[in-house]
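Visitor: Pasting target-v7.tsv below, which is TSV, N, CA, C and O atoms.
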```tsv
chain	number	residue	atom	x	y	z
A	1	MET	N	10.06	24.41	20.54
A	1	MET	CA	8.90	24.36	19.67
A	1	MET	C	9.02	23.31	18.57
A	1	MET	O	8.06	23.01	17.92
A	2	GLU	N	10.19	22.76	18.35
A	2	GLU	CA	10.38	21.76	17.29
A	2	GLU	C	9.78	20.41	17.66
A	2	GLU	O	9.32	19.69	16.78
A	3	ILE	N	9.79	20.05	18.93
A	3	ILE	CA	9.32	18.73	19.34
A	3	ILE	C	7.84	18.52	18.98
A	3	ILE	O	7.49	17.48	18.41
A	4	PRO	N	6.93	19.45	19.25
A	4	PRO	CA	5.53	19.23	18.85
A	4	PRO	C	5.36	19.06	17.34
A	4	PRO	O	4.53	18.27	16.90
A	5	LYS	N	6.16	19.78	16.56
A	5	LYS	CA	6.07	19.65	15.10
A	5	LYS	C	6.52	18.26	14.66
A	5	LYS	O	5.92	17.65	13.79
A	6	ILE	N	7.58	17.77	15.28
A	6	ILE	CA	8.09	16.44	14.92
A	6	ILE	C	7.08	15.36	15.31
A	6	ILE	O	6.82	14.44	14.54
A	7	ILE	N	6.48	15.50	16.48
A	7	ILE	CA	5.47	14.53	16.92
A	7	ILE	C	4.26	14.59	15.99
A	7	ILE	O	3.71	13.55	15.60
A	8	GLY	N	3.83	15.79	15.63
A	8	GLY	CA	2.71	15.94	14.71
A	8	GLY	C	2.98	15.31	13.35
A	8	GLY	O	2.13	14.62	12.78
A	9	ALA	N	4.18	15.52	12.84
A	9	ALA	CA	4.54	14.93	11.55
A	9	ALA	C	4.57	13.42	11.64
A	9	ALA	O	4.12	12.71	10.73
A	10	GLY	N	5.08	12.89	12.74
A	10	GLY	CA	5.10	11.44	12.93
A	10	GLY	C	3.70	10.86	12.99
A	10	GLY	O	3.43	9.80	12.41
A	11	LEU	N	2.79	11.55	13.67
A	11	LEU	CA	1.40	11.07	13.73
A	11	LEU	C	0.74	11.11	12.37
A	11	LEU	O	-0.05	10.21	12.02
A	12	VAL	N	1.05	12.12	11.58
A	12	VAL	CA	0.51	12.20	10.22
A	12	VAL	C	0.97	11.01	9.39
A	12	VAL	O	0.18	10.36	8.70
A	13	VAL	N	2.26	10.70	9.47
A	13	VAL	CA	2.81	9.59	8.69
A	13	VAL	C	2.23	8.26	9.15
A	13	VAL	O	1.86	7.41	8.33
A	14	ILE	N	2.11	8.06	10.45
A	14	ILE	CA	1.54	6.82	10.97
A	14	ILE	C	0.08	6.69	10.55
A	14	ILE	O	-0.35	5.62	10.09
A	15	GLY	N	-0.68	7.75	10.69
A	15	GLY	CA	-2.10	7.71	10.29
A	15	GLY	C	-2.28	7.44	8.82
A	15	GLY	O	-3.17	6.68	8.41
A	16	THR	N	-1.42	8.03	8.00
A	16	THR	CA	-1.49	7.80	6.56
A	16	THR	C	-1.18	6.35	6.22
A	16	THR	O	-1.86	5.73	5.40
A	17	GLY	N	-0.17	5.81	6.86
A	17	GLY	CA	0.18	4.40	6.63
A	17	GLY	C	-0.96	3.46	7.00
A	17	GLY	O	-1.27	2.52	6.26
A	18	ILE	N	-1.58	3.73	8.13
A	18	ILE	CA	-2.71	2.89	8.56
A	18	ILE	C	-3.87	3.04	7.58
A	18	ILE	O	-4.49	2.04	7.19
A	19	GLY	N	-4.17	4.26	7.18
A	19	GLY	CA	-5.29	4.49	6.26
A	19	GLY	C	-5.09	3.82	4.91
A	19	GLY	O	-6.00	3.15	4.39
A	20	ILE	N	-3.91	3.96	4.34
A	20	ILE	CA	-3.64	3.34	3.04
A	20	ILE	C	-3.63	1.82	3.18
A	20	ILE	O	-4.09	1.11	2.28
A	21	GLY	N	-3.14	1.31	4.30
A	21	GLY	CA	-3.16	-0.13	4.54
A	21	GLY	C	-4.58	-0.68	4.59
A	21	GLY	O	-4.88	-1.73	4.03
A	22	LYS	N	-5.47	0.06	5.26
A	22	LYS	CA	-6.87	-0.37	5.33
A	22	LYS	C	-7.55	-0.31	3.96
A	22	LYS	O	-8.35	-1.18	3.62
A	23	ILE	N	-7.23	0.71	3.19
A	23	ILE	CA	-7.79	0.81	1.84
A	23	ILE	C	-7.35	-0.38	1.00
A	23	ILE	O	-8.15	-1.00	0.31
A	24	GLY	N	-6.06	-0.69	1.05
A	24	GLY	CA	-5.53	-1.82	0.28
A	24	GLY	C	-6.12	-3.15	0.73
A	24	GLY	O	-6.48	-3.99	-0.11
A	25	ALA	N	-6.26	-3.34	2.03
A	25	ALA	CA	-6.83	-4.59	2.54
A	25	ALA	C	-8.28	-4.76	2.11
A	25	ALA	O	-8.70	-5.85	1.69
A	26	ALA	N	-9.04	-3.69	2.19
A	26	ALA	CA	-10.45	-3.76	1.78
A	26	ALA	C	-10.58	-4.03	0.28
A	26	ALA	O	-11.44	-4.80	-0.15
A	27	ALA	N	-9.71	-3.42	-0.51
A	27	ALA	CA	-9.76	-3.64	-1.96
A	27	ALA	C	-9.39	-5.07	-2.30
A	27	ALA	O	-10.04	-5.71	-3.15
A	28	LEU	N	-8.36	-5.60	-1.65
A	28	LEU	CA	-7.98	-6.99	-1.92
A	28	LEU	C	-9.07	-7.96	-1.50
A	28	LEU	O	-9.33	-8.96	-2.18
A	29	GLU	N	-9.73	-7.68	-0.39
A	29	GLU	CA	-10.84	-8.54	0.04
A	29	GLU	C	-11.98	-8.49	-0.96
A	29	GLU	O	-12.57	-9.52	-1.29
A	30	GLY	N	-12.26	-7.29	-1.47
A	30	GLY	CA	-13.30	-7.16	-2.48
A	30	GLY	C	-12.95	-7.87	-3.77
A	30	GLY	O	-13.80	-8.50	-4.40
A	31	MET	N	-11.68	-7.81	-4.16
A	31	MET	CA	-11.23	-8.51	-5.37
A	31	MET	C	-11.31	-10.02	-5.20
A	31	MET	O	-11.61	-10.74	-6.15
A	32	ALA	N	-11.04	-10.50	-3.99
A	32	ALA	CA	-11.12	-11.94	-3.74
A	32	ALA	C	-12.57	-12.41	-3.80
A	32	ALA	O	-12.86	-13.52	-4.25
A	33	ARG	N	-13.48	-11.56	-3.35
A	33	ARG	CA	-14.90	-11.95	-3.36
A	33	ARG	C	-15.53	-11.83	-4.75
A	33	ARG	O	-16.40	-12.61	-5.10
A	34	GLN	N	-15.12	-10.82	-5.49
A	34	GLN	CA	-15.67	-10.60	-6.83
A	34	GLN	C	-14.54	-10.29	-7.81
A	34	GLN	O	-14.28	-9.13	-8.13
A	35	PRO	N	-13.90	-11.33	-8.32
A	35	PRO	CA	-12.75	-11.10	-9.21
A	35	PRO	C	-13.10	-10.32	-10.48
A	35	PRO	O	-12.24	-9.63	-11.03
A	36	GLU	N	-14.32	-10.41	-10.93
A	36	GLU	CA	-14.70	-9.70	-12.16
A	36	GLU	C	-14.73	-8.18	-11.97
A	36	GLU	O	-14.71	-7.43	-12.95
A	37	GLN	N	-14.76	-7.73	-10.74
A	37	GLN	CA	-14.77	-6.29	-10.44
A	37	GLN	C	-13.39	-5.76	-10.07
A	37	GLN	O	-13.26	-4.64	-9.60
A	38	ALA	N	-12.35	-6.56	-10.27
A	38	ALA	CA	-11.00	-6.20	-9.83
A	38	ALA	C	-10.53	-4.88	-10.43
A	38	ALA	O	-9.92	-4.06	-9.74
A	39	GLY	N	-10.80	-4.64	-11.69
A	39	GLY	CA	-10.35	-3.41	-12.34
A	39	GLY	C	-10.97	-2.17	-11.71
A	39	GLY	O	-10.28	-1.19	-11.44
A	40	LYS	N	-12.27	-2.22	-11.48
A	40	LYS	CA	-12.96	-1.07	-10.87
A	40	LYS	C	-12.49	-0.86	-9.43
A	40	LYS	O	-12.30	0.28	-8.99
A	41	LEU	N	-12.31	-1.96	-8.71
A	41	LEU	CA	-11.85	-1.84	-7.32
A	41	LEU	C	-10.44	-1.28	-7.25
A	41	LEU	O	-10.13	-0.46	-6.38
A	42	GLN	N	-9.58	-1.72	-8.17
A	42	GLN	CA	-8.21	-1.22	-8.16
A	42	GLN	C	-8.18	0.28	-8.46
A	42	GLN	O	-7.44	1.03	-7.83
A	43	THR	N	-8.98	0.71	-9.40
A	43	THR	CA	-9.03	2.13	-9.74
A	43	THR	C	-9.51	2.95	-8.54
A	43	THR	O	-8.92	3.97	-8.20
A	44	ALA	N	-10.59	2.48	-7.91
A	44	ALA	CA	-11.12	3.20	-6.75
A	44	ALA	C	-10.11	3.21	-5.61
A	44	ALA	O	-9.96	4.22	-4.90
A	45	MET	N	-9.40	2.10	-5.42
A	45	MET	CA	-8.40	2.01	-4.36
A	45	MET	C	-7.28	3.02	-4.60
A	45	MET	O	-6.85	3.72	-3.68
A	46	LEU	N	-6.78	3.09	-5.83
A	46	LEU	CA	-5.68	4.01	-6.14
A	46	LEU	C	-6.10	5.47	-5.97
A	46	LEU	O	-5.33	6.29	-5.47
A	47	ILE	N	-7.32	5.79	-6.36
A	47	ILE	CA	-7.81	7.16	-6.19
A	47	ILE	C	-7.93	7.50	-4.72
A	47	ILE	O	-7.50	8.58	-4.27
A	48	ALA	N	-8.49	6.59	-3.93
A	48	ALA	CA	-8.64	6.84	-2.49
A	48	ALA	C	-7.28	6.97	-1.82
A	48	ALA	O	-7.07	7.85	-0.97
A	49	ALA	N	-6.35	6.11	-2.17
A	49	ALA	CA	-5.01	6.19	-1.58
A	49	ALA	C	-4.32	7.50	-1.96
A	49	ALA	O	-3.63	8.10	-1.12
A	50	ALA	N	-4.50	7.94	-3.18
A	50	ALA	CA	-3.90	9.21	-3.60
A	50	ALA	C	-4.50	10.39	-2.84
A	50	ALA	O	-3.78	11.32	-2.46
A	51	LEU	N	-5.79	10.34	-2.59
A	51	LEU	CA	-6.42	11.42	-1.82
A	51	LEU	C	-5.91	11.44	-0.39
A	51	LEU	O	-5.63	12.50	0.17
A	52	VAL	N	-5.78	10.27	0.23
A	52	VAL	CA	-5.26	10.19	1.59
A	52	VAL	C	-3.83	10.72	1.63
A	52	VAL	O	-3.45	11.47	2.53
A	53	GLU	N	-3.03	10.32	0.65
A	53	GLU	CA	-1.65	10.77	0.61
A	53	GLU	C	-1.57	12.28	0.37
A	53	GLU	O	-0.71	12.96	0.94
A	54	GLY	N	-2.47	12.81	-0.43
A	54	GLY	CA	-2.49	14.25	-0.66
A	54	GLY	C	-2.80	15.03	0.60
A	54	GLY	O	-2.18	16.06	0.88
A	55	VAL	N	-3.74	14.53	1.38
A	55	VAL	CA	-4.06	15.18	2.65
A	55	VAL	C	-2.86	15.10	3.59
A	55	VAL	O	-2.56	16.06	4.31
A	56	ALA	N	-2.17	13.98	3.58
A	56	ALA	CA	-0.99	13.83	4.44
A	56	ALA	C	0.10	14.82	4.04
A	56	ALA	O	0.73	15.44	4.90
A	57	PHE	N	0.33	14.98	2.74
A	57	PHE	CA	1.33	15.96	2.28
A	57	PHE	C	0.93	17.36	2.71
A	57	PHE	O	1.77	18.16	3.14
A	58	ALA	N	-0.34	17.69	2.58
A	58	ALA	CA	-0.81	19.01	2.98
A	58	ALA	C	-0.57	19.22	4.48
A	58	ALA	O	-0.14	20.30	4.90
A	59	ALA	N	-0.84	18.19	5.27
A	59	ALA	CA	-0.63	18.31	6.71
A	59	ALA	C	0.85	18.45	7.04
A	59	ALA	O	1.23	19.25	7.92
A	60	LEU	N	1.70	17.71	6.35
A	60	LEU	CA	3.14	17.82	6.60
A	60	LEU	C	3.68	19.19	6.21
A	60	LEU	O	4.52	19.76	6.89
A	61	PHE	N	3.17	19.75	5.12
A	61	PHE	CA	3.62	21.08	4.72
A	61	PHE	C	3.09	22.15	5.68
A	61	PHE	O	3.72	23.18	5.89
A	62	ALA	N	1.92	21.92	6.25
A	62	ALA	CA	1.37	22.86	7.22
A	62	ALA	C	2.18	22.85	8.51
A	62	ALA	O	2.35	23.88	9.15
A	63	VAL	N	2.70	21.68	8.86
A	63	VAL	CA	3.53	21.56	10.07
A	63	VAL	C	4.85	22.27	9.87
A	63	VAL	O	5.41	22.87	10.78
A	64	ASN	N	5.37	22.22	8.66
A	64	ASN	CA	6.67	22.82	8.37
A	64	ASN	C	6.52	24.29	8.37
A	64	ASN	O	6.98	25.16	8.74
```
Here is the file; what I need is its structure written in the form of structure tokens.

Guide:
Amino acid sequence: MEIPKIIGAGLVVIGTGIGIGKIGAAALEGMARQPEQAGKLQTAMLIAAALVEGVAFAALFAVN
């Protein structure tokens, strides 16, 4: 029964990495297009990344 838990945890970590990477890429692209909005974009990016990471932690604790 341990193997499915390990695979599930690995998928959670991979999905979280991809999600946070996409958030960061989109924020950087937005900052490059509108540098005057960099502060607002950075704040929104950090909040979104924290929410994604929080969901990942919840999923990892549920697997455990």

Visitor: What gap, in Å, lies between atom O of Val63 (chain A) and CA of Lys5 (chain A)?

Guide: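 About the pair atom O of Val63 (chain A) and CA of Lys5 (chain A): they are 5.4 Å apart.
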
Visitor: Just the residues within 8 Å of Gly24 (chain A), please, counting all atoms listed in the file, with nothing from its chain fewer than 5 positions along; format it as an mmCIF file with N, CA, C and O atoms, in the frame of the given file.

Guide:
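Saved the output as around-v8.cif:
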```cif
data_model
loop_
_atom_site.group_PDB
_atom_site.id
_atom_site.type_symbol
_atom_site.label_atom_id
_atom_site.label_comp_id
_atom_site.auth_asym_id
_atom_site.auth_seq_id
_atom_site.Cartn_x
_atom_site.Cartn_y
_atom_site.Cartn_z
ATOM 1 N N GLY A 17 -0.170 5.810 6.860
ATOM 2 C CA GLY A 17 0.180 4.400 6.630
ATOM 3 C C GLY A 17 -0.960 3.460 7.000
ATOM 4 O O GLY A 17 -1.270 2.520 6.260
ATOM 5 N N ILE A 18 -1.580 3.730 8.130
ATOM 6 C CA ILE A 18 -2.710 2.890 8.560
ATOM 7 C C ILE A 18 -3.870 3.040 7.580
ATOM 8 O O ILE A 18 -4.490 2.040 7.190
ATOM 9 N N GLY A 19 -4.170 4.260 7.180
ATOM 10 C CA GLY A 19 -5.290 4.490 6.260
ATOM 11 C C GLY A 19 -5.090 3.820 4.910
ATOM 12 O O GLY A 19 -6.000 3.150 4.390
ATOM 13 N N GLU A 29 -9.730 -7.680 -0.390
ATOM 14 C CA GLU A 29 -10.840 -8.540 0.040
ATOM 15 C C GLU A 29 -11.980 -8.490 -0.960
ATOM 16 O O GLU A 29 -12.570 -9.520 -1.290
ATOM 17 N N GLY A 30 -12.260 -7.290 -1.470
ATOM 18 C CA GLY A 30 -13.300 -7.160 -2.480
ATOM 19 C C GLY A 30 -12.950 -7.870 -3.770
ATOM 20 O O GLY A 30 -13.800 -8.500 -4.400
ATOM 21 N N MET A 31 -11.680 -7.810 -4.160
ATOM 22 C CA MET A 31 -11.230 -8.510 -5.370
ATOM 23 C C MET A 31 -11.310 -10.020 -5.200
ATOM 24 O O MET A 31 -11.610 -10.740 -6.150
ATOM 25 N N MET A 45 -9.400 2.100 -5.420
ATOM 26 C CA MET A 45 -8.400 2.010 -4.360
ATOM 27 C C MET A 45 -7.280 3.020 -4.600
ATOM 28 O O MET A 45 -6.850 3.720 -3.680
ATOM 29 N N LEU A 46 -6.780 3.090 -5.830
ATOM 30 C CA LEU A 46 -5.680 4.010 -6.140
ATOM 31 C C LEU A 46 -6.100 5.470 -5.970
ATOM 32 O O LEU A 46 -5.330 6.290 -5.470
ATOM 33 N N ALA A 49 -6.350 6.110 -2.170
ATOM 34 C CA ALA A 49 -5.010 6.190 -1.580
ATOM 35 C C ALA A 49 -4.320 7.500 -1.960
ATOM 36 O O ALA A 49 -3.630 8.100 -1.120
#
```

Visitor: Give me the residues near Ile20 (chain A) as a compact mmCIF listing (two decimals) with N, CA, C and O atoms, in the frame of the given file, where near means some atom within 8 Å (using only N, CA, C and O atoms) and where sequence neighbours in that chain fewer than 3 positions away do not count.

Guide:
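Output contents, as saved in around-v5.txt:
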```
# COMPACT_ATOMS: atom_id res chain seq x y z
N VAL A 13 2.26 10.70 9.47
CA VAL A 13 2.81 9.59 8.69
C VAL A 13 2.23 8.26 9.15
O VAL A 13 1.86 7.41 8.33
N ILE A 14 2.11 8.06 10.45
CA ILE A 14 1.54 6.82 10.97
C ILE A 14 0.08 6.69 10.55
O ILE A 14 -0.35 5.62 10.09
N GLY A 15 -0.68 7.75 10.69
CA GLY A 15 -2.10 7.71 10.29
C GLY A 15 -2.28 7.44 8.82
O GLY A 15 -3.17 6.68 8.41
N THR A 16 -1.42 8.03 8.00
CA THR A 16 -1.49 7.80 6.56
C THR A 16 -1.18 6.35 6.22
O THR A 16 -1.86 5.73 5.40
N GLY A 17 -0.17 5.81 6.86
CA GLY A 17 0.18 4.40 6.63
C GLY A 17 -0.96 3.46 7.00
O GLY A 17 -1.27 2.52 6.26
N ILE A 23 -7.23 0.71 3.19
CA ILE A 23 -7.79 0.81 1.84
C ILE A 23 -7.35 -0.38 1.00
O ILE A 23 -8.15 -1.00 0.31
N GLY A 24 -6.06 -0.69 1.05
CA GLY A 24 -5.53 -1.82 0.28
C GLY A 24 -6.12 -3.15 0.73
O GLY A 24 -6.48 -3.99 -0.11
N ALA A 25 -6.26 -3.34 2.03
CA ALA A 25 -6.83 -4.59 2.54
C ALA A 25 -8.28 -4.76 2.11
O ALA A 25 -8.70 -5.85 1.69
N ALA A 26 -9.04 -3.69 2.19
CA ALA A 26 -10.45 -3.76 1.78
C ALA A 26 -10.58 -4.03 0.28
O ALA A 26 -11.44 -4.80 -0.15
N ALA A 27 -9.71 -3.42 -0.51
CA ALA A 27 -9.76 -3.64 -1.96
C ALA A 27 -9.39 -5.07 -2.30
O ALA A 27 -10.04 -5.71 -3.15
N MET A 45 -9.40 2.10 -5.42
CA MET A 45 -8.40 2.01 -4.36
C MET A 45 -7.28 3.02 -4.60
O MET A 45 -6.85 3.72 -3.68
N ALA A 48 -8.49 6.59 -3.93
CA ALA A 48 -8.64 6.84 -2.49
C ALA A 48 -7.28 6.97 -1.82
O ALA A 48 -7.07 7.85 -0.97
N ALA A 49 -6.35 6.11 -2.17
CA ALA A 49 -5.01 6.19 -1.58
C ALA A 49 -4.32 7.50 -1.96
O ALA A 49 -3.63 8.10 -1.12
N ALA A 50 -4.50 7.94 -3.18
CA ALA A 50 -3.90 9.21 -3.60
C ALA A 50 -4.50 10.39 -2.84
O ALA A 50 -3.78 11.32 -2.46
N VAL A 52 -5.78 10.27 0.23
CA VAL A 52 -5.26 10.19 1.59
C VAL A 52 -3.83 10.72 1.63
O VAL A 52 -3.45 11.47 2.53
N GLU A 53 -3.03 10.32 0.65
CA GLU A 53 -1.65 10.77 0.61
C GLU A 53 -1.57 12.28 0.37
O GLU A 53 -0.71 12.96 0.94
```

Visitor: Can you pull out the residues contacting region 6-12 of chain A? Cut-off 9 Å, using only C-alpha atoms, and skip same-chain residues under 5 positions away; I want them as a PyMOL selection string.

Guide: chain A and resi 17+56-57+59-60+63-64

Visitor: Suppose you want the space between atom C of Leu41 (chain A) and CA of Leu28 (chain A); what is it in Å?

Guide: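 CA of Leu28 (chain A) lies 8.2 Å from atom C of Leu41 (chain A).
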
Visitor: Could you please determine the separation between CA of Gly54 (chain A) and CA of Lys22 (chain A) in Å, to one decimal place?

Guide: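 These atoms are spaced 16.4 Å apart.
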
Visitor: Start from the incomplete input, build all heavy atoms for region 46-57 of chain A, and deliver everything as an mmCIF file, in the frame of the given file.

Guide:
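Resulting contents of rebuild27.cif:
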```cif
data_model
loop_
_atom_site.group_PDB
_atom_site.id
_atom_site.type_symbol
_atom_site.label_atom_id
_atom_site.label_comp_id
_atom_site.auth_asym_id
_atom_site.auth_seq_id
_atom_site.Cartn_x
_atom_site.Cartn_y
_atom_site.Cartn_z
ATOM 1 N N LEU A 46 -6.780 3.090 -5.830
ATOM 2 C CA LEU A 46 -5.680 4.010 -6.140
ATOM 3 C C LEU A 46 -6.100 5.470 -5.970
ATOM 4 O O LEU A 46 -5.330 6.290 -5.470
ATOM 5 C CB LEU A 46 -5.159 3.761 -7.547
ATOM 6 C CG LEU A 46 -4.406 2.444 -7.733
ATOM 7 C CD1 LEU A 46 -4.075 2.229 -9.205
ATOM 8 C CD2 LEU A 46 -3.150 2.411 -6.890
ATOM 9 N N ILE A 47 -7.320 5.790 -6.360
ATOM 10 C CA ILE A 47 -7.810 7.160 -6.190
ATOM 11 C C ILE A 47 -7.930 7.500 -4.720
ATOM 12 O O ILE A 47 -7.500 8.580 -4.270
ATOM 13 C CB ILE A 47 -9.149 7.351 -6.934
ATOM 14 C CG1 ILE A 47 -8.930 7.298 -8.438
ATOM 15 C CG2 ILE A 47 -9.809 8.672 -6.523
ATOM 16 C CD1 ILE A 47 -10.202 7.247 -9.254
ATOM 17 N N ALA A 48 -8.490 6.590 -3.930
ATOM 18 C CA ALA A 48 -8.640 6.840 -2.490
ATOM 19 C C ALA A 48 -7.280 6.970 -1.820
ATOM 20 O O ALA A 48 -7.070 7.850 -0.970
ATOM 21 C CB ALA A 48 -9.455 5.718 -1.855
ATOM 22 N N ALA A 49 -6.350 6.110 -2.170
ATOM 23 C CA ALA A 49 -5.010 6.190 -1.580
ATOM 24 C C ALA A 49 -4.320 7.500 -1.960
ATOM 25 O O ALA A 49 -3.630 8.100 -1.120
ATOM 26 C CB ALA A 49 -4.170 4.988 -2.018
ATOM 27 N N ALA A 50 -4.500 7.940 -3.180
ATOM 28 C CA ALA A 50 -3.900 9.210 -3.600
ATOM 29 C C ALA A 50 -4.500 10.390 -2.840
ATOM 30 O O ALA A 50 -3.780 11.320 -2.460
ATOM 31 C CB ALA A 50 -4.087 9.401 -5.106
ATOM 32 N N LEU A 51 -5.790 10.340 -2.590
ATOM 33 C CA LEU A 51 -6.420 11.420 -1.820
ATOM 34 C C LEU A 51 -5.910 11.440 -0.390
ATOM 35 O O LEU A 51 -5.630 12.500 0.170
ATOM 36 C CB LEU A 51 -7.942 11.270 -1.853
ATOM 37 C CG LEU A 51 -8.601 11.552 -3.201
ATOM 38 C CD1 LEU A 51 -10.080 11.183 -3.160
ATOM 39 C CD2 LEU A 51 -8.427 13.004 -3.587
ATOM 40 N N VAL A 52 -5.780 10.270 0.230
ATOM 41 C CA VAL A 52 -5.260 10.190 1.590
ATOM 42 C C VAL A 52 -3.830 10.720 1.630
ATOM 43 O O VAL A 52 -3.450 11.470 2.530
ATOM 44 C CB VAL A 52 -5.337 8.736 2.121
ATOM 45 C CG1 VAL A 52 -4.576 8.586 3.423
ATOM 46 C CG2 VAL A 52 -6.778 8.315 2.314
ATOM 47 N N GLU A 53 -3.030 10.320 0.650
ATOM 48 C CA GLU A 53 -1.650 10.770 0.610
ATOM 49 C C GLU A 53 -1.570 12.280 0.370
ATOM 50 O O GLU A 53 -0.710 12.960 0.940
ATOM 51 C CB GLU A 53 -0.903 10.027 -0.498
ATOM 52 C CG GLU A 53 0.580 10.187 -0.436
ATOM 53 C CD GLU A 53 1.296 9.269 -1.410
ATOM 54 O OE1 GLU A 53 0.710 8.262 -1.832
ATOM 55 O OE2 GLU A 53 2.454 9.588 -1.736
ATOM 56 N N GLY A 54 -2.470 12.810 -0.430
ATOM 57 C CA GLY A 54 -2.490 14.250 -0.660
ATOM 58 C C GLY A 54 -2.800 15.030 0.600
ATOM 59 O O GLY A 54 -2.180 16.060 0.880
ATOM 60 N N VAL A 55 -3.740 14.530 1.380
ATOM 61 C CA VAL A 55 -4.060 15.180 2.650
ATOM 62 C C VAL A 55 -2.860 15.100 3.590
ATOM 63 O O VAL A 55 -2.560 16.060 4.310
ATOM 64 C CB VAL A 55 -5.318 14.530 3.288
ATOM 65 C CG1 VAL A 55 -5.526 15.018 4.695
ATOM 66 C CG2 VAL A 55 -6.537 14.823 2.443
ATOM 67 N N ALA A 56 -2.170 13.980 3.580
ATOM 68 C CA ALA A 56 -0.990 13.830 4.440
ATOM 69 C C ALA A 56 0.100 14.820 4.040
ATOM 70 O O ALA A 56 0.730 15.440 4.900
ATOM 71 C CB ALA A 56 -0.466 12.404 4.364
ATOM 72 N N PHE A 57 0.330 14.980 2.740
ATOM 73 C CA PHE A 57 1.330 15.960 2.280
ATOM 74 C C PHE A 57 0.930 17.360 2.710
ATOM 75 O O PHE A 57 1.770 18.160 3.140
ATOM 76 C CB PHE A 57 1.519 15.895 0.772
ATOM 77 C CG PHE A 57 2.406 14.781 0.311
ATOM 78 C CD1 PHE A 57 2.051 14.017 -0.785
ATOM 79 C CD2 PHE A 57 3.595 14.494 0.944
ATOM 80 C CE1 PHE A 57 2.857 12.989 -1.223
ATOM 81 C CE2 PHE A 57 4.421 13.474 0.517
ATOM 82 C CZ PHE A 57 4.051 12.721 -0.572
#
```
